[in-house]
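Heads up, query_11.txt below (compact mmCIF, C-alpha atoms):
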```
# COMPACT_ATOMS: atom_id res chain seq x y z
CA MET A 227 -24.27 16.31 -8.85
CA THR A 228 -24.02 15.91 -5.10
CA TYR A 229 -21.02 14.15 -3.62
CA PRO A 230 -22.90 10.81 -3.22
CA GLN A 231 -24.14 11.12 -6.81
CA THR A 232 -20.58 11.82 -7.97
CA LEU A 233 -19.29 8.72 -6.21
CA ALA A 234 -22.11 6.67 -7.73
CA TYR A 235 -21.04 7.95 -11.16
CA LEU A 236 -17.40 7.06 -10.50
CA TYR A 237 -18.22 3.58 -9.24
CA ALA A 238 -21.01 2.71 -11.66
CA GLN A 239 -19.94 4.33 -14.91
CA LEU A 240 -16.20 3.81 -14.88
CA PRO A 241 -14.48 0.40 -14.94
CA MET A 242 -12.92 -0.09 -11.48
CA TYR A 243 -10.29 -2.82 -11.14
CA HIS A 244 -10.55 -3.12 -7.37
CA ARG A 245 -14.26 -3.93 -7.68
CA ILE A 246 -14.62 -5.91 -10.91
CA GLY A 247 -11.10 -7.10 -11.71
CA ALA A 248 -9.57 -7.80 -15.13
CA GLN A 249 -12.33 -6.08 -17.15
CA ALA A 250 -11.15 -2.73 -15.79
CA TYR A 251 -7.41 -3.25 -16.36
CA LYS A 252 -5.84 -1.04 -19.05
CA SER A 253 -2.53 -2.26 -20.46
CA ASP A 254 -1.34 1.08 -21.82
CA LEU A 255 -1.03 4.76 -20.90
CA VAL A 256 -3.06 6.15 -23.81
CA ASN A 257 -6.05 7.32 -21.75
CA THR A 258 -3.91 8.72 -18.95
CA ILE A 259 -1.81 10.73 -21.39
CA ALA A 260 -4.93 12.03 -23.15
CA LEU A 261 -6.58 12.93 -19.86
CA CYS A 262 -3.54 14.78 -18.50
CA ASP A 263 -3.05 16.55 -21.85
CA MET A 264 -6.64 17.74 -21.57
CA LEU A 265 -5.92 18.99 -18.03
CA GLY A 266 -2.79 20.84 -19.11
CA ASN A 267 -0.40 18.21 -17.73
CA PRO A 268 -0.67 19.14 -14.05
CA GLN A 269 1.84 16.41 -13.11
CA ASN A 270 4.61 18.69 -14.36
CA SER A 271 3.76 21.39 -11.79
CA PHE A 272 5.32 19.72 -8.75
CA ARG A 273 8.14 17.39 -7.82
CA THR A 274 7.35 13.72 -7.22
CA ILE A 275 8.58 10.49 -5.64
CA HIS A 276 7.28 7.35 -7.32
CA VAL A 277 6.77 4.19 -5.23
CA THR A 278 6.02 0.65 -6.41
CA GLY A 279 6.55 -2.89 -5.10
CA THR A 280 4.50 -5.95 -4.27
CA ASN A 281 4.30 -5.25 -0.53
CA GLY A 282 5.03 -2.25 1.64
CA LYS A 283 4.56 0.46 -0.96
CA GLY A 284 1.62 1.99 0.90
CA SER A 285 3.47 2.17 4.22
CA VAL A 286 6.59 3.54 2.51
CA SER A 287 4.53 6.17 0.68
CA HIS A 288 2.81 7.31 3.88
CA MET A 289 6.09 7.50 5.83
CA LEU A 290 7.81 9.48 3.07
CA ALA A 291 4.89 11.92 2.90
CA SER A 292 4.94 12.33 6.68
CA ILE A 293 8.67 13.05 6.65
CA LEU A 294 8.38 15.61 3.84
CA GLN A 295 5.45 17.24 5.61
CA THR A 296 7.50 17.38 8.83
CA ALA A 297 10.30 19.03 6.88
CA GLY A 298 7.93 21.85 5.94
CA PHE A 299 7.13 20.89 2.35
CA ARG A 300 3.55 21.21 1.16
CA THR A 301 3.12 17.52 0.39
CA GLY A 302 0.69 15.60 -1.77
CA LEU A 303 0.03 11.90 -1.27
CA TYR A 304 -1.67 9.64 -3.80
CA THR A 305 -2.42 6.04 -2.73
CA SER A 306 -4.81 3.22 -3.57
CA PRO A 307 -7.09 1.54 -2.81
CA HIS A 308 -9.02 3.41 -0.14
CA LEU A 309 -10.37 1.71 2.96
CA LYS A 310 -13.42 3.73 4.02
CA ASP A 311 -13.59 6.95 2.00
CA PHE A 312 -12.70 7.54 -1.65
CA ARG A 313 -10.98 10.77 -0.61
CA GLU A 314 -8.28 8.82 1.27
CA ARG A 315 -6.59 8.36 -2.11
CA ILE A 316 -5.76 12.06 -2.50
CA ARG A 317 -4.29 14.05 0.39
CA VAL A 318 -2.41 17.31 0.86
CA ASN A 319 -0.49 17.62 4.12
CA GLY A 320 -2.53 14.69 5.39
CA ARG A 321 -5.92 16.22 4.66
CA MET A 322 -8.18 14.39 2.25
CA ILE A 323 -9.35 16.12 -0.91
CA ARG A 324 -12.48 18.17 -0.30
CA LYS A 325 -15.81 16.71 -1.40
CA SER A 326 -16.49 19.89 -3.39
CA SER A 327 -13.22 19.36 -5.30
CA VAL A 328 -14.27 15.81 -6.24
CA THR A 329 -17.69 16.90 -7.47
CA GLY A 330 -16.27 20.00 -9.18
CA PHE A 331 -13.70 17.99 -11.09
CA VAL A 332 -16.26 15.51 -12.41
CA LYS A 333 -18.77 18.25 -13.24
CA THR A 334 -16.19 20.34 -15.12
CA TYR A 335 -14.74 17.55 -17.24
CA ARG A 336 -17.56 15.03 -17.57
CA ASP A 337 -18.09 15.75 -21.27
CA GLN A 338 -14.40 15.11 -21.94
CA PHE A 339 -14.59 11.88 -19.96
CA GLU A 340 -17.29 10.66 -22.33
CA ILE A 341 -14.81 11.14 -25.18
CA ILE A 342 -11.67 9.75 -23.51
CA GLN A 343 -13.55 7.05 -21.58
CA PRO A 344 -11.01 6.64 -18.78
CA SER A 345 -11.12 3.87 -16.21
CA PHE A 346 -11.84 4.69 -12.57
CA PHE A 347 -8.12 4.59 -11.78
CA GLU A 348 -7.12 6.72 -14.77
CA LEU A 349 -9.66 9.38 -13.84
CA THR A 350 -8.57 9.33 -10.20
CA VAL A 351 -4.91 9.82 -11.16
CA GLY A 352 -5.89 12.82 -13.28
CA MET A 353 -8.01 14.19 -10.43
CA ALA A 354 -5.10 13.83 -7.99
CA PHE A 355 -2.59 15.60 -10.23
CA ASP A 356 -5.07 18.39 -10.98
CA TYR A 357 -5.82 18.84 -7.26
CA PHE A 358 -2.13 18.85 -6.32
CA ARG A 359 -1.48 21.61 -8.84
CA LYS A 360 -4.41 23.69 -7.59
CA GLN A 361 -3.25 23.18 -4.00
CA GLN A 362 0.26 24.27 -5.00
CA VAL A 363 1.97 21.23 -3.52
CA GLU A 364 5.76 21.31 -3.65
CA VAL A 365 6.28 17.56 -3.75
CA ALA A 366 3.93 14.58 -4.10
CA VAL A 367 4.49 10.96 -3.14
CA VAL A 368 2.74 8.85 -5.78
CA GLU A 369 2.02 5.18 -5.14
CA VAL A 370 1.70 2.86 -8.14
CA GLY A 371 -1.63 1.08 -8.41
CA LEU A 372 -0.58 -2.12 -10.18
CA GLY A 373 2.80 -3.09 -11.62
CA GLY A 374 4.64 0.01 -12.76
CA ARG A 375 5.54 0.12 -16.46
CA LEU A 376 1.94 0.44 -17.66
CA ASP A 377 0.41 1.91 -14.50
CA SER A 378 -1.51 5.15 -14.93
CA THR A 379 0.83 6.93 -12.53
CA ASN A 380 3.83 6.24 -14.79
CA ILE A 381 3.69 9.53 -16.64
CA ILE A 382 5.61 11.44 -13.97
CA ARG A 383 9.33 12.19 -13.91
CA PRO A 384 10.17 11.71 -10.22
CA GLU A 385 13.17 12.85 -8.23
CA VAL A 386 13.55 9.29 -6.90
CA SER A 387 11.96 6.01 -7.96
CA VAL A 388 11.33 3.44 -5.23
CA ILE A 389 10.73 -0.32 -5.55
CA THR A 390 10.10 -1.99 -2.21
CA ASN A 391 10.25 -5.69 -3.19
CA VAL A 392 8.89 -8.28 -5.60
CA SER A 393 6.59 -11.20 -4.89
CA PHE A 394 3.81 -13.09 -6.65
CA ASP A 395 0.65 -11.02 -7.05
CA HIS A 396 -1.49 -10.06 -10.06
CA VAL A 397 0.38 -12.70 -12.08
CA GLN A 398 -2.30 -12.64 -14.79
CA PHE A 399 -1.14 -9.10 -15.66
CA LEU A 400 2.48 -8.90 -14.51
CA GLY A 401 3.81 -12.38 -15.29
CA ASP A 402 4.28 -15.73 -13.61
CA THR A 403 7.93 -15.41 -12.58
CA LEU A 404 9.66 -12.96 -10.25
CA GLU A 405 11.81 -11.79 -13.15
CA LYS A 406 8.75 -10.89 -15.24
CA ILE A 407 7.11 -9.08 -12.34
CA ALA A 408 10.38 -7.24 -11.64
CA PHE A 409 10.52 -6.14 -15.28
CA GLU A 410 7.08 -4.51 -14.94
CA LYS A 411 8.03 -2.77 -11.71
CA ALA A 412 11.38 -1.65 -13.16
CA GLY A 413 9.33 0.28 -15.71
CA ILE A 414 9.16 3.23 -13.31
CA ILE A 415 12.95 3.72 -13.53
CA LYS A 416 13.51 6.85 -15.62
CA PRO A 417 16.62 8.11 -17.46
CA GLY A 418 19.05 9.68 -15.02
CA ILE A 419 16.68 9.34 -12.05
CA PRO A 420 18.07 7.44 -9.03
CA VAL A 421 16.22 4.36 -7.83
CA VAL A 422 16.08 2.83 -4.36
CA ILE A 423 15.31 -0.90 -4.08
CA GLY A 424 14.07 -1.95 -0.66
CA GLU A 425 15.13 -5.62 -0.59
CA THR A 426 17.89 -7.50 -2.38
CA GLN A 427 16.30 -10.60 -3.93
CA ASP A 428 18.13 -13.10 -6.12
CA GLU A 429 15.80 -13.12 -9.15
CA PRO A 430 14.65 -9.46 -9.30
CA ALA A 431 18.00 -7.79 -8.48
CA PRO A 432 19.66 -8.40 -11.88
CA VAL A 433 16.53 -7.10 -13.63
CA PHE A 434 16.70 -3.84 -11.65
CA ILE A 435 20.45 -3.46 -12.15
CA LYS A 436 20.14 -4.00 -15.91
CA LYS A 437 17.33 -1.43 -16.21
CA ALA A 438 19.19 1.12 -14.10
CA MET A 439 22.30 0.71 -16.28
CA GLU A 440 20.22 1.19 -19.44
CA MET A 441 18.71 4.35 -17.94
CA HIS A 442 22.07 5.60 -16.58
CA SER A 443 20.39 5.78 -13.19
CA GLU A 444 22.05 5.42 -9.81
CA ILE A 445 20.72 2.33 -8.02
CA VAL A 446 20.85 1.67 -4.27
CA PHE A 447 19.69 -1.45 -2.43
CA ALA A 448 18.48 -0.16 0.93
CA ASP A 449 19.16 -3.37 2.83
CA GLN A 450 22.79 -3.26 1.69
CA VAL A 451 23.17 0.23 3.11
CA PHE A 452 21.11 0.15 6.30
CA ASN A 453 20.36 -2.53 8.84
CA VAL A 454 18.75 -2.82 12.25
CA ARG A 455 21.35 -3.05 14.99
CA ASN A 456 18.98 -3.20 17.95
CA PHE A 457 15.30 -3.99 17.76
CA ARG A 458 12.75 -4.21 20.53
CA SER A 459 9.05 -3.71 21.15
CA GLU A 460 8.07 -1.16 23.76
CA ARG A 461 4.71 0.04 24.93
CA ILE A 462 4.24 3.79 25.19
CA GLY A 463 0.84 4.81 26.52
CA ASN A 464 -1.76 2.41 25.12
CA GLU A 465 -0.02 1.81 21.80
CA ALA A 466 2.67 -0.72 20.88
CA PHE A 467 5.73 0.92 19.33
CA ARG A 468 8.69 -0.61 17.56
CA VAL A 469 12.02 0.88 18.67
CA MET A 470 15.19 0.30 16.67
CA ASP A 471 18.65 1.62 15.96
CA LEU A 472 19.57 1.82 12.28
CA HIS A 473 23.17 1.76 11.22
CA ARG A 474 24.82 2.62 7.95
CA MET A 475 27.70 0.22 7.46
CA GLU A 476 29.32 0.36 10.92
CA GLU A 477 28.19 3.88 11.73
CA LEU A 478 25.04 4.34 13.80
CA TRP A 479 22.76 6.57 11.74
CA LEU A 480 19.46 6.78 13.58
CA ARG A 481 19.39 5.90 17.24
CA ASN A 482 16.21 4.93 19.10
CA LEU A 483 13.97 5.42 16.10
CA VAL A 484 10.39 5.02 17.32
CA SER A 485 7.60 3.86 15.03
CA PRO A 486 3.87 3.74 15.81
CA LEU A 487 3.58 0.85 13.34
CA PRO A 488 3.95 -2.32 15.40
CA GLY A 489 4.27 -4.84 12.56
CA ILE A 490 7.72 -6.44 12.54
CA TYR A 491 7.68 -6.22 8.75
CA GLN A 492 7.75 -2.41 9.05
CA CYS A 493 11.50 -2.68 9.79
CA LYS A 494 12.02 -3.41 6.07
CA ASN A 495 9.87 -0.46 5.08
CA ILE A 496 11.69 1.90 7.46
CA ILE A 497 15.03 0.85 6.01
CA THR A 498 13.69 1.61 2.53
CA VAL A 499 12.36 5.00 3.65
CA THR A 500 15.67 5.87 5.30
CA ALA A 501 17.60 5.09 2.11
CA VAL A 502 15.19 7.24 0.08
CA CYS A 503 15.63 10.10 2.54
CA GLU A 504 19.41 9.87 2.21
CA MET A 505 19.01 10.02 -1.56
CA LEU A 506 16.73 13.06 -1.25
CA GLY A 507 19.25 14.64 1.10
CA LYS A 508 21.85 14.47 -1.66
CA ALA A 509 19.44 16.49 -3.80
CA GLY A 510 19.32 19.23 -1.19
CA HIS A 511 16.04 18.48 0.55
CA GLY A 512 17.52 18.93 4.01
CA LEU A 513 16.01 15.89 5.68
CA SER A 514 17.87 15.67 8.98
CA GLN A 515 17.85 12.65 11.25
CA ALA A 516 15.55 14.53 13.63
CA ILE A 517 13.06 15.21 10.83
CA ILE A 518 13.15 11.59 9.65
CA ARG A 519 12.69 10.33 13.21
CA LYS A 520 9.74 12.65 13.86
CA GLY A 521 8.15 12.02 10.46
CA ILE A 522 8.13 8.26 10.99
CA GLY A 523 6.93 8.64 14.58
CA ASP A 524 4.04 10.87 13.51
CA VAL A 525 3.01 8.97 10.36
CA ILE A 526 -0.43 7.91 11.60
CA LYS A 527 -1.23 11.40 12.86
CA ASN A 528 0.15 13.11 9.75
CA THR A 529 -1.24 10.90 6.98
CA GLY A 530 -3.98 8.72 8.46
CA LEU A 531 -2.25 5.42 7.66
CA ALA A 532 -4.49 2.55 8.78
CA GLY A 533 -4.93 -1.21 8.49
CA ARG A 534 -1.32 -2.23 9.16
CA TRP A 535 -1.30 -4.64 12.11
CA GLN A 536 -3.92 -2.37 13.64
CA THR A 537 -5.38 -3.19 17.05
CA LEU A 538 -9.17 -2.94 17.03
CA GLY A 539 -9.92 -4.18 20.54
CA HIS A 540 -8.80 -6.05 23.63
CA SER A 541 -10.15 -8.98 25.67
CA PRO A 542 -9.88 -10.71 23.28
CA LEU A 543 -7.06 -8.97 21.44
CA THR A 544 -8.44 -8.14 17.98
CA ILE A 545 -6.08 -7.15 15.16
CA CYS A 546 -6.40 -6.60 11.40
CA ASP A 547 -3.86 -6.29 8.60
CA THR A 548 -4.15 -5.61 4.87
CA GLY A 549 -1.57 -8.23 3.82
CA HIS A 550 -3.22 -10.10 0.95
CA ASN A 551 -0.66 -12.07 -1.08
CA GLU A 552 1.68 -14.94 -0.30
CA SER A 553 4.64 -12.91 0.95
CA GLY A 554 2.48 -10.34 2.73
CA LEU A 555 0.52 -13.01 4.56
CA ALA A 556 3.75 -14.88 5.40
CA GLU A 557 4.82 -11.75 7.30
CA VAL A 558 1.42 -11.67 9.01
CA VAL A 559 1.71 -15.32 10.04
CA MET A 560 5.11 -14.63 11.62
CA GLN A 561 3.65 -11.65 13.46
CA ILE A 562 0.75 -13.79 14.72
CA ALA A 563 3.21 -16.41 15.96
CA SER A 564 5.10 -13.75 17.94
CA THR A 565 1.91 -12.38 19.52
CA PRO A 566 1.01 -14.12 22.80
CA HIS A 567 -2.35 -15.89 22.59
CA ARG A 568 -4.02 -19.16 23.55
CA HIS A 569 -6.01 -19.83 20.37
CA LEU A 570 -6.31 -18.04 17.04
CA HIS A 571 -9.66 -17.08 15.52
CA PHE A 572 -9.06 -16.04 11.89
CA VAL A 573 -11.70 -14.00 10.04
CA PHE A 574 -10.71 -14.68 6.44
CA GLY A 575 -11.92 -13.42 3.06
CA VAL A 576 -10.31 -12.93 -0.35
CA VAL A 577 -11.03 -11.70 -3.88
CA ASN A 578 -11.98 -14.15 -6.59
CA ASP A 579 -8.89 -13.80 -8.80
CA LYS A 580 -6.43 -14.67 -6.03
CA HIS A 581 -4.24 -17.76 -6.57
CA LEU A 582 -5.09 -19.47 -3.29
CA PRO A 583 -3.05 -22.71 -2.92
CA PRO A 584 0.29 -21.12 -1.88
CA ILE A 585 -1.52 -18.72 0.45
CA LEU A 586 -3.59 -21.42 2.13
CA GLN A 587 -0.51 -23.60 2.65
CA ILE A 588 1.20 -21.02 4.86
CA LEU A 589 -1.78 -20.19 7.10
CA PRO A 590 -1.92 -21.72 10.61
CA LYS A 591 -3.58 -25.14 10.64
CA ASP A 592 -4.57 -25.02 14.31
CA ALA A 593 -6.74 -21.88 14.03
CA THR A 594 -10.52 -21.63 13.84
CA TYR A 595 -11.52 -19.94 10.57
CA TYR A 596 -14.51 -17.71 9.90
CA PHE A 597 -14.90 -17.60 6.12
CA CYS A 598 -16.58 -14.55 4.60
CA LYS A 599 -16.88 -12.61 1.37
CA PRO A 600 -15.78 -8.97 1.17
CA GLY A 601 -18.69 -6.81 0.08
CA ILE A 602 -17.53 -6.09 -3.48
CA PRO A 603 -18.45 -7.85 -6.75
CA ARG A 604 -14.90 -9.21 -6.96
CA GLY A 605 -15.17 -10.97 -3.58
CA LEU A 606 -14.90 -14.78 -3.50
CA GLU A 607 -17.97 -16.54 -2.15
CA ALA A 608 -17.38 -17.78 1.40
CA ALA A 609 -18.49 -21.34 0.58
CA LEU A 610 -15.94 -21.61 -2.23
CA LEU A 611 -13.22 -20.26 0.04
CA GLN A 612 -14.21 -22.75 2.75
CA GLN A 613 -14.01 -25.60 0.25
CA GLU A 614 -10.53 -24.66 -0.98
CA ALA A 615 -9.31 -24.03 2.55
CA ALA A 616 -10.50 -27.45 3.72
CA ALA A 617 -8.29 -29.07 1.09
CA SER A 618 -5.33 -27.38 2.79
CA GLY A 619 -6.36 -28.46 6.28
CA LEU A 620 -8.00 -25.18 7.33
CA HIS A 621 -11.43 -25.54 8.91
CA GLY A 622 -14.25 -23.25 10.00
CA GLU A 623 -17.74 -22.01 9.25
CA CYS A 624 -19.11 -19.64 6.58
CA TYR A 625 -20.71 -16.30 7.41
CA PRO A 626 -22.86 -13.99 5.28
CA SER A 627 -20.69 -10.91 5.86
CA VAL A 628 -17.36 -9.79 7.26
CA LYS A 629 -19.02 -8.13 10.24
CA SER A 630 -21.05 -11.23 11.15
CA ALA A 631 -17.88 -13.33 10.93
CA LEU A 632 -16.09 -10.92 13.25
CA GLU A 633 -19.00 -10.90 15.69
CA ALA A 634 -18.94 -14.71 15.80
CA ALA A 635 -15.17 -14.82 16.26
CA ARG A 636 -15.25 -12.39 19.16
CA ALA A 637 -18.19 -14.23 20.76
CA ASN A 638 -16.36 -17.55 20.54
CA ALA A 639 -12.96 -16.28 21.65
CA ALA A 640 -11.71 -16.53 25.22
CA ILE A 641 -10.24 -13.45 26.86
CA ASP A 642 -6.67 -14.60 26.13
CA ASP A 643 -7.32 -15.65 22.52
CA LEU A 644 -6.38 -13.67 19.42
CA VAL A 645 -8.92 -12.60 16.79
CA PHE A 646 -7.31 -11.69 13.46
CA ILE A 647 -9.08 -10.21 10.43
CA GLY A 648 -7.41 -10.31 7.02
CA GLY A 649 -6.82 -11.90 3.64
CA SER A 650 -7.88 -8.84 1.67
CA THR A 651 -7.73 -5.06 1.91
CA PHE A 652 -11.48 -5.09 1.36
CA VAL A 653 -12.08 -7.35 4.35
CA VAL A 654 -10.11 -4.97 6.56
CA ALA A 655 -12.01 -2.00 5.12
CA GLU A 656 -15.25 -3.37 6.57
CA VAL A 657 -14.03 -3.58 10.16
CA ILE A 658 -11.83 -0.55 10.86
```
Before anything else, please render the file you have as structure tokens.
Amino acid sequence: MTYPQTLAYLYAQLPMYHRIGAQAYKSDLVNTIALCDMLGNPQNSFRTIHVTGTNGKGSVSHMLASILQTAGFRTGLYTSPHLKDFRERIRVNGRMIRKSSVTGFVKTYRDQFEIIQPSFFELTVGMAFDYFRKQQVEVAVVEVGLGGRLDSTNIIRPEVSVITNVSFDHVQFLGDTLEKIAFEKAGIIKPGIPVVIGETQDEPAPVFIKKAMEMHSEIVFADQVFNVRNFRSERIGNEAFRVMDLHRMEELWLRNLVSPLPGIYQCKNIITVTAVCEMLGKAGHGLSQAIIRKGIGDVIKNTGLAGRWQTLGHSPLTICDTGHNESGLAEVVMQIASTPHRHLHFVFGVVNDKHLPPILQILPKDATYYFCKPGIPRGLEAALLQQEAAASGLHGECYPSVKSALEAARANAAIDDLVFIGGSTFVVAEVI
């Protein structure tokens, strides 16, 4: 098969959660274990760092990979979903998996796939681990797809487990309380393996502590170790940078840390990353402050991270962000409020299994909305979104596509207005 034919096979023949939703969700590791057994368990051929959490796990994974790459390690990075190209999910030293490796993997093992019948995500995890072994990576940063305990990535034995935070998302699979969701995410904590928790939260914290004690694992809450002493936004060249000083207790640890990720919420992610790096340093990885500083500063260049408070244009200022649940969009709303603008034009689309009322309640009431459906089967029809939004005091017109909604927003916006595109990763994927 050609590469396009291979992608068509992956998308059409294998159940894909990000496109069709619950029908593709597997609540066990049976297929993943069978698939990796068939491949000779490639996940045991390299060291790993395992990252989960409701928000921030993608940014944390990219920053950790960039730091390890800067330190000279041959570094694998597995993330999901992709924005533009399937190959974004699997990278070695920032370079996406080759098209020939994707087609070769499917061609070689297609008969076995017919027997095991993996989901899209299960097959992709197997492909990533197989590719990392063939590429002789030394360490791989592996992002959880959904939850943790039953996620297909949860067959690795990492050097450090990372849980960024807990909020309400995918409640139909993970549970309807923060404690239940925390229990699922705590499932990545392995016996004797240290775990770093990004944020101390009242309901999830006891769940994580209990699990760590059961596993005899060291547990560290990053926000109890590190904090931001000084924070400011500076402009270097044409890009907005966040500049901060991190301190550990009363001792300044990283001074004038510069990040190319302008979202204020990235401060939390950087604190998490810093705590993980300190934990890795104890294990002899030699991650100096200079390496951490440079790795974070070069994350976009090193790993291709995109879609996080990303500026797409000026006059009017046009920005997108992949925040897509209540807590993620709350961070986005705060960022919008801190961004100078006269009027907000909000290009907004979501998936059809999203619990909308709490999300709609936090969105700005004085904005003009441009309702649209992301171009996937799981996208919510724009008219239905408009109807639900109106009940929460949000008003605007419907558009047949994300791009037409963006075109209308930019045409209607004054030079000093702000155009924002978000609500779903899949909305952002259509505009970057």
Next item on the list: Could you jot down the CA of Thr500 (chain A) to CA of Ser514 (chain A) separation for me, Å, one decimal place?
Entry: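 CA of Ser514 (chain A) lies 10.7 Å from CA of Thr500 (chain A).
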With all atoms listed in the file as the counted atoms, please give the residues lying no more than 10 Å from Ile518 (chain A), apart from itself and same-chain residues fewer than 4 positions off, as a list of chain:residue names.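 What passes the distance filter is A:Met289, A:Leu290, A:Ser292, A:Ile293, A:Leu294, A:Thr296, A:Ala297, A:Leu480, A:Leu483, A:Val499, A:Thr500, A:Cys503, A:Glu504, A:Leu513, A:Ser514, A:Ile522, A:Gly523, A:Asp524.
When only C-alpha atoms are used to measure the gap to Tyr596 (chain A), the shortest distance among A:Ala635, A:Val421, A:Ala563, A:Ile341 belongs to A:Ala635.
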Restrict the calculation to all atoms listed in the file, then for each residue of region 543-623 of chain A with any atom at most 10 Å from an atom of region 280-287 of chain A give the closest atom pair and their distance in Å to one decimal, rows by chain and rising residue number, as JSON lines.
```
{"residue": "A:Gly549", "atom": "CA", "partner": "A:Asn281", "partner_atom": "CA", "distance": 7.9}
{"residue": "A:His550", "atom": "CA", "partner": "A:Asn281", "partner_atom": "CA", "distance": 9.1}
{"residue": "A:Asn551", "atom": "CA", "partner": "A:Asn281", "partner_atom": "CA", "distance": 8.5}
{"residue": "A:Ser553", "atom": "CA", "partner": "A:Asn281", "partner_atom": "CA", "distance": 7.8}
{"residue": "A:Gly554", "atom": "CA", "partner": "A:Asn281", "partner_atom": "CA", "distance": 6.3}
```
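Atom to atom, CA of Ser326 (chain A) and CA of Tyr229 (chain A) stand 7.3 Å apart.
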Check your understanding: Do you have the CA of Gln269 (chain A)-CA of Asp356 (chain A) distance handy?
Key ->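 About the pair CA of Gln269 (chain A) and CA of Asp356 (chain A): they are 7.5 Å apart.
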Point to revise | Spatial neighbours of Val558 (chain A), 10 Å, only C-alpha atoms, chain gap at least 5 places, as JSON, numbers by chain | key: {"A": [489, 490, 491, 534, 535, 546, 547, 548, 549, 550, 552, 553, 563, 564, 589, 646, 648, 649]}
Restricting to only C-alpha atoms, whichever of A:Ala640, A:Val653, A:Val451, A:Ile585 is closest to Glu557 (chain A) is A:Ile585
- Query: If we count all atoms listed in the file, what is near His567 (chain A) at a cut-off of 7 Å, once residues fewer than 3 positions away on the same chain are taken out, given as a ChimeraX atom specification?
  - Reply: /A:642-644
Counting all atoms listed in the file, the residue among A:Met227, A:Ile407, A:Met470, A:Ala238 that lies closest to Phe394 (chain A) is A:Ile407
ask   = Using only C-alpha atoms, which of the listed residues (A:Leu261, A:Ala593, A:Val422, A:Leu487) sits closest to Ile526 (chain A)?
value =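 Among the listed residues, A:Leu487 lies closest to Ile526 (chain A).
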Which residues, written as a PDB file with C-alpha atoms, keeping the file's coordinate frame, have at least one atom at most 9 Å from Val577 (chain A), with all atoms listed in the file counted and residues fewer than 5 positions away on the same chain left out?
```pdb
ATOM      1  CA  LYS A 599     -16.880 -12.610   1.370  1.00  0.00           C
ATOM      2  CA  PRO A 600     -15.780  -8.970   1.170  1.00  0.00           C
ATOM      3  CA  ILE A 602     -17.530  -6.090  -3.480  1.00  0.00           C
ATOM      4  CA  PRO A 603     -18.450  -7.850  -6.750  1.00  0.00           C
ATOM      5  CA  ARG A 604     -14.900  -9.210  -6.960  1.00  0.00           C
ATOM      6  CA  GLY A 605     -15.170 -10.970  -3.580  1.00  0.00           C
ATOM      7  CA  LEU A 606     -14.900 -14.780  -3.500  1.00  0.00           C
ATOM      8  CA  GLU A 607     -17.970 -16.540  -2.150  1.00  0.00           C
ATOM      9  CA  GLY A 649      -6.820 -11.900   3.640  1.00  0.00           C
ATOM     10  CA  SER A 650      -7.880  -8.840   1.670  1.00  0.00           C
ATOM     11  CA  PHE A 652     -11.480  -5.090   1.360  1.00  0.00           C
TER      12      PHE A 652
END
```
Selected residue, from A:Arg474, A:His276, A:His288, A:Arg375, that lies nearest to Lys437 (chain A) when counting all atoms listed in the file
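Smallest separation from Lys437 (chain A) among the options: A:Arg375.
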| task | Step by step: start from the point (-15.2, -17.8, 13.9) in the file's coordinates, keep every protein, DNA or RNA residue that has an atom no farther than 7 Å from it, count only C-alpha atoms, and write the set as a ChimeraX atom specification. | result | /A:571-573,594-596,622-623,631-632,634-635,638
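Proximity to Gln515 (chain A) was assessed for A:Ile647, A:Ala501, A:His621, A:Glu369 counting all atoms listed in the file; the smallest distance is recorded for A:Ala501.
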As a PyMOL selection string, please: the residues near Ala408 (chain A) (cut-off 12 Å, only C-alpha atoms, same-chain neighbours under 5 positions excluded).
chain A and resi 278-280+373-375+389-395+397+400-403+413-415+423+426-437
Given 6 Å on each side, where is the centre and what are the edge lengths in Å to one decimal of the axis-aligned box enclosing the listed atoms of region 561-569 of chain A, as JSON?
```
{"center_x": -0.5, "center_y": -15.7, "center_z": 18.5, "size_x": 23.1, "size_y": 20.2, "size_z": 22.1}
```
